[in-house]
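Novice: Got a file for you: input-v8.txt, compact mmCIF, C-alpha atoms (C1' of nucleotides).
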# COMPACT_ATOMS: atom_id res chain seq x y z
CA MET A 1005 21.54 41.71 24.04
CA ALA A 1006 19.64 40.15 26.89
CA ARG A 1007 17.72 41.95 29.54
CA ALA A 1008 19.75 44.09 31.90
CA ALA A 1009 20.98 42.51 35.10
CA THR A 1010 18.73 42.77 38.11
CA THR A 1011 21.75 44.07 39.96
CA LEU A 1012 22.27 46.88 37.50
CA ASP A 1013 20.06 49.39 39.25
CA VAL A 1014 17.22 49.75 41.70
CA PHE A 1015 14.55 49.69 39.03
CA ASN A 1016 15.58 46.27 37.87
CA ALA A 1017 16.03 45.01 41.38
CA VAL A 1018 12.57 45.97 42.56
CA ALA A 1019 10.88 44.67 39.44
CA GLU A 1020 10.74 41.35 41.23
CA PRO A 1021 7.61 41.09 43.39
CA ARG A 1022 9.34 38.91 45.96
CA ARG A 1023 12.06 41.45 46.39
CA ARG A 1024 9.54 44.21 46.93
CA GLU A 1025 7.90 41.96 49.47
CA ILE A 1026 11.18 41.56 51.28
CA LEU A 1027 11.70 45.30 51.25
CA ASP A 1028 8.23 45.73 52.66
CA VAL A 1029 9.12 43.41 55.49
CA LEU A 1030 12.18 45.49 56.22
CA GLY A 1031 10.14 48.63 55.80
CA ASP A 1032 10.05 49.55 59.46
CA GLY A 1033 13.77 50.12 59.49
CA ARG A 1034 14.55 47.40 61.97
CA GLU A 1035 17.26 44.95 61.10
CA ARG A 1036 16.29 41.34 60.63
CA ALA A 1037 18.05 38.03 60.39
CA VAL A 1038 17.61 36.06 57.19
CA SER A 1039 15.58 33.51 59.05
CA GLU A 1040 13.16 36.21 60.14
CA VAL A 1041 12.72 37.37 56.59
CA VAL A 1042 12.26 33.78 55.50
CA GLU A 1043 9.47 33.32 57.97
CA ALA A 1044 7.89 36.62 57.06
CA VAL A 1045 7.75 36.06 53.32
CA GLY A 1046 7.35 32.30 53.32
CA LEU A 1047 10.01 31.56 50.75
CA PRO A 1048 12.81 29.00 50.91
CA GLN A 1049 15.91 30.25 52.64
CA PRO A 1050 18.20 29.98 49.59
CA SER A 1051 15.72 31.99 47.62
CA VAL A 1052 15.62 34.71 50.22
CA SER A 1053 19.38 34.79 50.45
CA LYS A 1054 19.62 35.24 46.71
CA HIS A 1055 17.08 38.02 46.67
CA LEU A 1056 18.80 39.74 49.55
CA SER A 1057 22.03 39.45 47.66
CA VAL A 1058 20.54 41.32 44.73
CA LEU A 1059 19.10 43.96 47.00
CA LEU A 1060 22.46 44.30 48.68
CA LYS A 1061 24.28 44.79 45.41
CA VAL A 1062 22.08 47.69 44.42
CA GLY A 1063 22.45 49.11 47.91
CA VAL A 1064 18.86 48.95 49.00
CA VAL A 1065 19.79 46.95 52.05
CA THR A 1066 22.84 46.67 54.25
CA VAL A 1067 24.18 43.75 56.22
CA THR A 1068 25.64 43.38 59.63
CA ARG A 1069 27.13 40.31 61.19
CA ASN A 1070 25.73 39.16 64.45
CA GLY A 1071 27.23 35.86 65.38
CA GLN A 1072 26.10 33.26 62.93
CA MET A 1073 23.31 35.49 61.81
CA ARG A 1074 23.35 38.24 59.24
CA MET A 1075 21.16 41.14 60.03
CA TYR A 1076 19.73 42.90 57.02
CA ARG A 1077 18.45 46.39 57.24
CA LEU A 1078 16.65 48.52 54.72
CA ASN A 1079 18.58 51.38 53.18
CA GLY A 1080 15.57 53.29 52.02
CA ASN A 1081 17.43 56.22 50.56
CA ASN A 1082 18.40 54.19 47.56
CA LEU A 1083 14.76 53.78 46.64
CA LYS A 1084 14.45 57.48 46.11
CA PRO A 1085 15.26 57.32 42.38
CA VAL A 1086 12.20 55.19 41.87
CA TYR A 1087 10.09 57.59 43.85
CA ASP A 1088 11.48 60.62 42.11
CA TRP A 1089 10.89 59.19 38.68
CA ALA A 1090 7.35 58.10 39.44
CA LYS A 1091 6.59 61.41 41.08
CA THR A 1092 7.22 63.05 37.74
CA PHE A 1093 3.86 61.70 36.64
CA GLU A 1094 2.06 62.51 39.84
CA GLN A 1095 -0.22 64.98 38.14
CA TYR A 1096 -1.85 62.12 36.29
CA TRP A 1097 -3.55 60.76 39.34
CA THR A 1098 -3.75 64.01 41.27
CA HIS A 1099 -5.69 66.24 38.95
CA GLN A 1100 -7.57 64.09 36.52
CA LEU A 1101 -9.41 66.83 34.72
CA ASP A 1102 -7.11 69.74 35.09
CA ARG A 1103 -3.95 70.46 33.23
CA ILE A 1104 -3.38 67.27 31.34
CA LYS A 1105 -6.64 66.76 29.59
CA GLU A 1106 -7.08 70.45 29.22
CA ARG A 1107 -3.82 70.80 27.42
CA ALA A 1108 -4.43 67.72 25.35
CA GLU A 1109 -7.85 68.89 24.30
CA GLN A 1110 -6.59 72.33 23.45
CA LYS A 1111 -4.06 70.64 21.29
CA MET A 1112 -6.84 68.83 19.47
CA LEU A 1113 -8.55 72.09 18.60
CA HIS A 1114 -5.56 73.15 16.59
CA ARG A 1115 -5.76 70.07 14.41
CA ARG A 1116 -7.90 69.28 11.46
CA PRO A 1117 -10.80 67.05 12.46
CA ASP A 1118 -9.56 63.61 11.49
CA ASN A 1119 -10.86 60.17 12.32
CA ASN A 1120 -9.60 59.37 15.75
CA ASN A 1121 -10.05 55.65 16.29
CA GLN A 1122 -9.05 53.81 19.42
CA GLU A 1123 -7.58 50.39 19.01
CA GLU A 1124 -6.58 47.39 21.03
CA SER A 1125 -3.29 45.57 21.15
CA MET B 925 11.82 29.68 36.26
CA ALA B 926 13.10 32.60 34.23
CA ARG B 927 12.60 36.22 35.01
CA ALA B 928 9.07 37.51 34.80
CA ALA B 929 7.89 38.96 31.52
CA THR B 930 8.38 42.66 31.02
CA THR B 931 4.73 42.79 30.06
CA LEU B 932 3.66 41.24 33.34
CA ASP B 933 3.29 44.49 35.23
CA VAL B 934 4.37 48.10 35.30
CA PHE B 935 7.35 47.45 37.53
CA ASN B 936 8.89 45.09 35.03
CA ALA B 937 8.01 47.31 32.11
CA VAL B 938 9.68 50.41 33.51
CA ALA B 939 12.77 48.55 34.64
CA GLU B 940 14.10 49.20 31.16
CA PRO B 941 15.84 52.60 30.97
CA ARG B 942 14.84 53.14 27.35
CA ARG B 943 11.23 52.61 28.19
CA ARG B 944 11.42 55.12 31.00
CA GLU B 945 13.00 57.48 28.54
CA ILE B 946 10.12 57.00 26.16
CA LEU B 947 7.66 57.63 28.95
CA ASP B 948 9.54 60.78 29.81
CA VAL B 949 9.17 61.95 26.25
CA LEU B 950 5.44 61.35 26.45
CA GLY B 951 5.37 62.94 29.87
CA ASP B 952 3.65 66.12 28.81
CA GLY B 953 0.51 64.23 27.91
CA ARG B 954 0.58 65.07 24.25
CA GLU B 955 0.21 62.25 21.79
CA ARG B 956 3.11 61.52 19.51
CA ALA B 957 3.73 59.50 16.40
CA VAL B 958 6.26 56.72 16.59
CA SER B 959 8.56 58.69 14.36
CA GLU B 960 8.51 61.58 16.79
CA VAL B 961 9.43 59.30 19.64
CA VAL B 962 12.14 57.78 17.50
CA GLU B 963 13.64 61.17 16.91
CA ALA B 964 13.33 62.15 20.52
CA VAL B 965 15.05 59.13 21.99
CA GLY B 966 17.43 58.40 19.16
CA LEU B 967 16.75 54.69 18.92
CA PRO B 968 16.01 52.62 15.83
CA GLN B 969 12.37 52.60 14.86
CA PRO B 970 11.87 48.85 15.35
CA SER B 971 13.30 49.15 18.82
CA VAL B 972 10.96 51.98 19.71
CA SER B 973 8.00 50.07 18.32
CA LYS B 974 8.88 47.09 20.46
CA HIS B 975 9.26 49.17 23.58
CA LEU B 976 6.00 50.93 22.90
CA SER B 977 4.40 47.56 22.47
CA VAL B 978 5.51 46.55 25.94
CA LEU B 979 4.32 49.81 27.40
CA LEU B 980 1.02 49.37 25.65
CA LYS B 981 0.53 45.89 27.03
CA VAL B 982 0.91 47.04 30.59
CA GLY B 983 -1.38 49.95 29.86
CA VAL B 984 1.03 52.77 30.45
CA VAL B 985 0.37 54.18 27.01
CA THR B 986 -2.54 54.14 24.61
CA VAL B 987 -2.62 54.24 20.84
CA THR B 988 -4.70 56.04 18.34
CA ARG B 989 -4.65 55.71 14.61
CA ASN B 990 -4.10 58.79 12.58
CA GLY B 991 -3.73 57.88 8.97
CA GLN B 992 -0.61 55.91 8.52
CA MET B 993 0.67 57.11 11.83
CA ARG B 994 0.03 55.73 15.27
CA MET B 995 -0.22 58.29 17.94
CA TYR B 996 0.92 57.14 21.34
CA ARG B 997 -0.14 58.90 24.45
CA LEU B 998 0.93 58.43 28.02
CA ASN B 999 -1.57 56.86 30.37
CA GLY B 1000 0.03 58.10 33.53
CA ASN B 1001 -2.49 56.64 35.92
CA ASN B 1002 -1.03 53.21 35.47
CA LEU B 1003 2.26 54.39 36.87
CA LYS B 1004 0.63 55.07 40.20
CA PRO B 1005 1.40 51.62 41.63
CA VAL B 1006 5.08 52.39 41.28
CA TYR B 1007 4.63 55.74 42.93
CA ASP B 1008 2.51 54.34 45.71
CA TRP B 1009 4.95 51.60 46.49
CA ALA B 1010 7.96 53.89 46.49
CA LYS B 1011 6.11 56.45 48.58
CA THR B 1012 5.90 53.86 51.31
CA PHE B 1013 9.56 54.52 51.96
CA GLU B 1014 9.32 58.27 51.64
CA GLN B 1015 10.26 58.81 55.26
CA TYR B 1016 13.74 57.53 54.49
CA TRP B 1017 14.70 60.56 52.50
CA THR B 1018 12.34 63.01 54.17
CA HIS B 1019 13.31 62.80 57.80
CA GLN B 1020 16.75 61.39 57.97
CA LEU B 1021 17.22 61.70 61.70
CA ASP B 1022 13.72 61.40 62.97
CA ARG B 1023 11.61 58.34 63.29
CA ILE B 1024 13.66 55.72 61.57
CA LYS B 1025 17.00 56.05 63.21
CA GLU B 1026 15.35 56.93 66.45
CA ARG B 1027 13.36 53.75 66.43
CA ALA B 1028 16.30 51.70 65.29
CA GLU B 1029 18.53 53.11 67.98
CA GLN B 1030 15.94 52.56 70.62
CA LYS B 1031 15.79 49.01 69.47
CA MET B 1032 19.51 48.69 69.97
CA LEU B 1033 19.23 49.76 73.59
CA HIS B 1034 17.13 46.75 74.34
CA ARG B 1035 19.79 44.39 73.04
CA ARG B 1036 22.89 43.08 74.63
CA PRO B 1037 25.93 44.95 73.34
CA ASP B 1038 27.26 42.66 70.63
CA ASN B 1039 29.83 43.22 67.95
CA ASN B 1040 28.15 45.08 65.16
CA ASN B 1041 30.40 44.88 62.12
CA GLN B 1042 29.58 46.32 58.76
CA GLU B 1043 30.62 44.37 55.72
CA GLU B 1044 30.85 44.71 52.00
CA SER B 1045 29.42 42.50 49.29
C1' DT C 44 -1.96 50.15 -9.61
C1' DT C 45 2.57 51.65 -8.15
C1' DG C 46 5.65 53.82 -5.15
C1' DA C 47 6.84 56.07 -0.95
C1' DC C 48 6.15 56.47 3.87
C1' DA C 49 5.11 54.88 8.75
C1' DT C 50 5.06 50.97 11.81
C1' DA C 51 4.96 46.42 13.21
C1' DT C 52 6.72 41.80 13.16
C1' DT C 53 9.83 38.04 12.51
C1' DC C 54 14.45 35.80 12.99
C1' DC C 55 18.42 35.06 15.41
C1' DT C 56 21.62 35.26 19.28
C1' DA C 57 23.89 36.25 23.61
C1' DT C 58 22.72 36.75 28.20
C1' DA C 59 20.46 36.77 32.55
C1' DT C 60 17.67 35.10 35.40
C1' DA C 61 14.31 32.57 39.30
C1' DG C 62 13.45 28.46 41.39
C1' DG C 63 14.52 23.91 43.24
C1' DA C 64 17.89 20.74 45.05
C1' DA C 65 22.03 19.81 47.02
C1' DT C 66 26.04 21.34 49.12
C1' DA C 67 29.49 24.44 50.98
C1' DT C 68 30.69 27.83 54.54
C1' DT C 69 30.91 29.81 58.97
C1' DA C 70 29.86 30.16 63.73
C1' DT C 71 28.19 28.39 68.27
C1' DC C 72 28.18 25.06 71.79
C1' DG C 73 29.36 21.10 74.76
C1' DC D 377 36.79 17.82 67.95
C1' DG D 378 31.84 16.77 66.49
C1' DA D 379 27.11 18.15 66.02
C1' DT D 380 23.96 21.77 64.99
C1' DA D 381 22.30 26.08 63.42
C1' DA D 382 22.24 30.01 60.05
C1' DT D 383 23.43 31.45 55.48
C1' DA D 384 25.52 31.49 51.17
C1' DT D 385 26.75 29.30 46.94
C1' DT D 386 26.73 26.11 43.19
C1' DC D 387 24.31 23.36 39.57
C1' DC D 388 20.87 22.86 36.40
C1' DT D 389 16.97 24.22 33.51
C1' DA D 390 13.20 26.65 31.34
C1' DT D 391 12.22 31.05 29.84
C1' DA D 392 12.37 35.77 28.47
C1' DT D 393 14.38 39.10 26.70
C1' DA D 394 16.99 43.44 23.95
C1' DG D 395 19.16 44.58 19.91
C1' DG D 396 20.23 44.28 15.02
C1' DA D 397 18.82 43.04 10.43
C1' DA D 398 15.52 42.09 7.26
C1' DT D 399 10.93 41.96 6.05
C1' DA D 400 5.98 42.31 6.35
C1' DT D 401 1.86 45.22 6.81
C1' DG D 402 -0.85 49.14 6.19
C1' DT D 403 -1.81 53.74 4.25
C1' DC D 404 -1.78 57.63 1.36
C1' DA D 405 -0.98 59.97 -3.02
C1' DA D 406 -0.63 60.54 -7.99
Could I get this file's structure written as structure tokens?

Specialist:
Amino acid sequence: MARAATTLDVFNAVAEPRRREILDVLGDGRERAVSEVVEAVGLPQPSVSKHLSVLLKVGVVTVTRNGQMRMYRLNGNNLKPVYDWAKTFEQYWTHQLDRIKERAEQKMLHRRPDNNNQEES
Amino acid sequence: MARAATTLDVFNAVAEPRRREILDVLGDGRERAVSEVVEAVGLPQPSVSKHLSVLLKVGVVTVTRNGQMRMYRLNGNNLKPVYDWAKTFEQYWTHQLDRIKERAEQKMLHRRPDNNNQEES
DNA sequence: TTGACATATTCCTATATAGGAATATTATCG
DNA sequence: CGATAATATTCCTATATAGGAATATGTCAA
């Protein structure tokens, strides 16, 4: 099987740096024409359209017609799953020396003292 | 160009649901042998080893040798970029009716009343 | 040493891009 | 209608998987 489609879910969609950049541009909640996004991110128009298409399919943005322009607007709510998942690990950068290490070290005390070598990939 | 490597950064690495699942298993900070992870997630051992390899390359987990076992441990700090990025949009699910819509609607008042049609993909 | 156990790695394949180039589509205007 | 502007879509290609199967590597124990 190949890698999952970028349009499968938000996680796959935002794995692309350019797409996150686009979302950042739309971050203020104001709608923007494709051309505005193009200028903001400095990518070719077809590329931006494709990225917006992906973002649209996962529901992170919405579109509105305005004459010959298409106004894209961020639909931030659909980024919540990413936030929620990441927040699960919040303790790791919040309390460095508290619960985590404490628990891990306590765990070590219950083991027999074995050689504990670090290694590289 | 093809899609970026899953080992390029954390965003690409965690785009895979199985890998997030593995990280969830390691979420308590305790180290675990591959076999324990295998049992926890119910995937074939080679698959788990490969996923762990990806997670290791982006630094989200660390390894330690313990006899013939390899103990993997979550390195939660490296998930912070995901959290930080997602947190940027926190307002979208925190205050639904406050700043965002307010600003967007204010913006609309400064425009000429044009047809504002929603559309589907 | 030999065998059993724990993991990693290699092969192979179907699939999905992302980017660039060119073109199609749709709407506005005179 | 014809030209122009704004976007989307199509083609093409190089690349990177995930998953399954089989195998290699490394370690411990008797």

Novice: Using all atoms listed in the file, which residues sit within 8 Å of Val934 of chain B once same-chain residues fewer than 5 positions away are excluded, as a short mmCIF file (atom, residue, chain, number, x, y, z; two decimals) with C-alpha atoms, keeping the file's coordinate frame?

Specialist:
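That gives us part.cif:
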data_model
loop_
_atom_site.label_atom_id
_atom_site.label_comp_id
_atom_site.auth_asym_id
_atom_site.auth_seq_id
_atom_site.Cartn_x
_atom_site.Cartn_y
_atom_site.Cartn_z
CA VAL B 982 0.91 47.04 30.59
CA VAL B 984 1.03 52.77 30.45
CA ASN B 1002 -1.03 53.21 35.47
CA LEU B 1003 2.26 54.39 36.87
CA PRO B 1005 1.40 51.62 41.63
CA VAL B 1006 5.08 52.39 41.28
#

Novice: Choose the residue, out of A:Leu1030, A:Val1038, A:Ala1090, A:Leu1059, that has the smallest atom-to-atom separation from chain D; count all atoms listed in the file.

Specialist: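 Looking only at the distances to chain D, the closest residue turns out to be A:Val1038.
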
Novice: Mind checking which residues fall within 9 Å of DT385 of chain D, counting all atoms listed in the file, ignoring those fewer than 5 positions away in the same chain, and posting them as a list in words?

Specialist: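 Near neighbours after the sequence-gap exclusion: Pro1050 of chain A; DT66, DA67 and DT68 of chain C.
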
Novice: Quick one: everything within 12 Å of DG73 of chain C, counting all atoms listed in the file, minus sequence neighbours fewer than 4 positions away in the same chain. Send it as a PyMOL selection string.

Specialist: chain D and resi 377-380

Novice: Tell me the residues of chain B close to chain D, meaning within 6 Å using only C-alpha atoms (C1' of nucleotides), as a ChimeraX atom specification.

Specialist: /B:925-926,992

Novice: Rank A:Arg1024, A:Gly1033, A:Trp1097, A:Lys1054 by their smallest atom-to-atom distance to DT60 of chain C, using only C-alpha atoms (C1' of nucleotides), and report the top residue only.

Specialist: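 Nearest candidate to DT60 of chain C out of A:Arg1024, A:Gly1033, A:Trp1097, A:Lys1054: A:Lys1054.
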
Novice: Determine, counting only C-alpha atoms (C1' of nucleotides), which protein, DNA and RNA residues have an atom within 7 Å of an atom of Gly1071 of chain A; residues of the same chain fewer than 2 positions away are not included. Present the result as a list in words.

Specialist: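 Answer for this query is Arg1069 and Met1073 of chain A; DA70 of chain C.
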
Novice: Rank B:Thr1012, B:Arg927, B:Tyr1007, B:Glu945 by their smallest atom-to-atom distance to chain A, using all atoms listed in the file, and report the top residue only.

Specialist: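 Of the candidates, the smallest distance to chain A is held by B:Tyr1007.
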
Novice: Hey, could you make a per-residue contact list for chain C against chain A with 7 Å as the cut-off, showing the nearest pair of atoms and its distance in Å to one decimal, counting only C-alpha atoms (C1' of nucleotides), sorted by chain and number, as CSV?

Specialist:
residue,atom,partner,partner_atom,distance
C:DA57,C1',A:Met1005,CA,6.0
C:DT58,C1',A:Ala1006,CA,4.8
C:DA59,C1',A:Ala1009,CA,6.3
C:DA70,C1',A:Gln1072,CA,4.9

Novice: If I take atom C1' of DG62 of chain C and atom CA of Leu980 of chain B, how far is one from the other in Å, to one decimal?

Specialist: 29.0 Å

Novice: Of the candidates B:Gln1015, B:Gln969, B:Thr988, B:Thr931, which shows the shortest atom-to-atom distance to chain A, using all atoms listed in the file?

Specialist: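 Ranked by minimum distance to chain A, first place goes to B:Thr988.
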
Novice: Distance atom CA of Val1041 of chain A-atom CA of Asp1008 of chain B, one decimal place?

Specialist: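 Computed distance, atom CA of Val1041 of chain A to atom CA of Asp1008 of chain B, equals 22.6 Å.
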
Novice: What is the atom CA of Val965 of chain B to atom CA of Arg942 of chain B distance in Å?

Specialist: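 It comes out at 8.0 Å.
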
Novice: For each of B:Val949, B:Ala939, B:Leu932, B:Leu976, take the minimum atom-to-atom distance to chain A, counting only C-alpha atoms, then give the residue where this is smallest.

Specialist: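 When distances to chain A are compared using only C-alpha atoms, the smallest one comes from B:Ala939.
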
Novice: Around segment 50-67 of chain C, fit a box with edges along x, y and z, padding it by 4 Å on each side, then list its centre and edge lengths in Å to one decimal as AutoDock Vina command-line options.

Specialist:
--center_x 17.2 --center_y 35.4 --center_z 31.4 --size_x 32.5 --size_y 39.2 --size_z 47.2

Novice: With all atoms listed in the file as the atoms that count, which of B:Val978, B:Ile946, B:Val987, B:Arg994 lies nearest to chain A?

Specialist: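 Of B:Val978, B:Ile946, B:Val987, B:Arg994, the one nearest chain A, counting all atoms listed in the file, is B:Val987.
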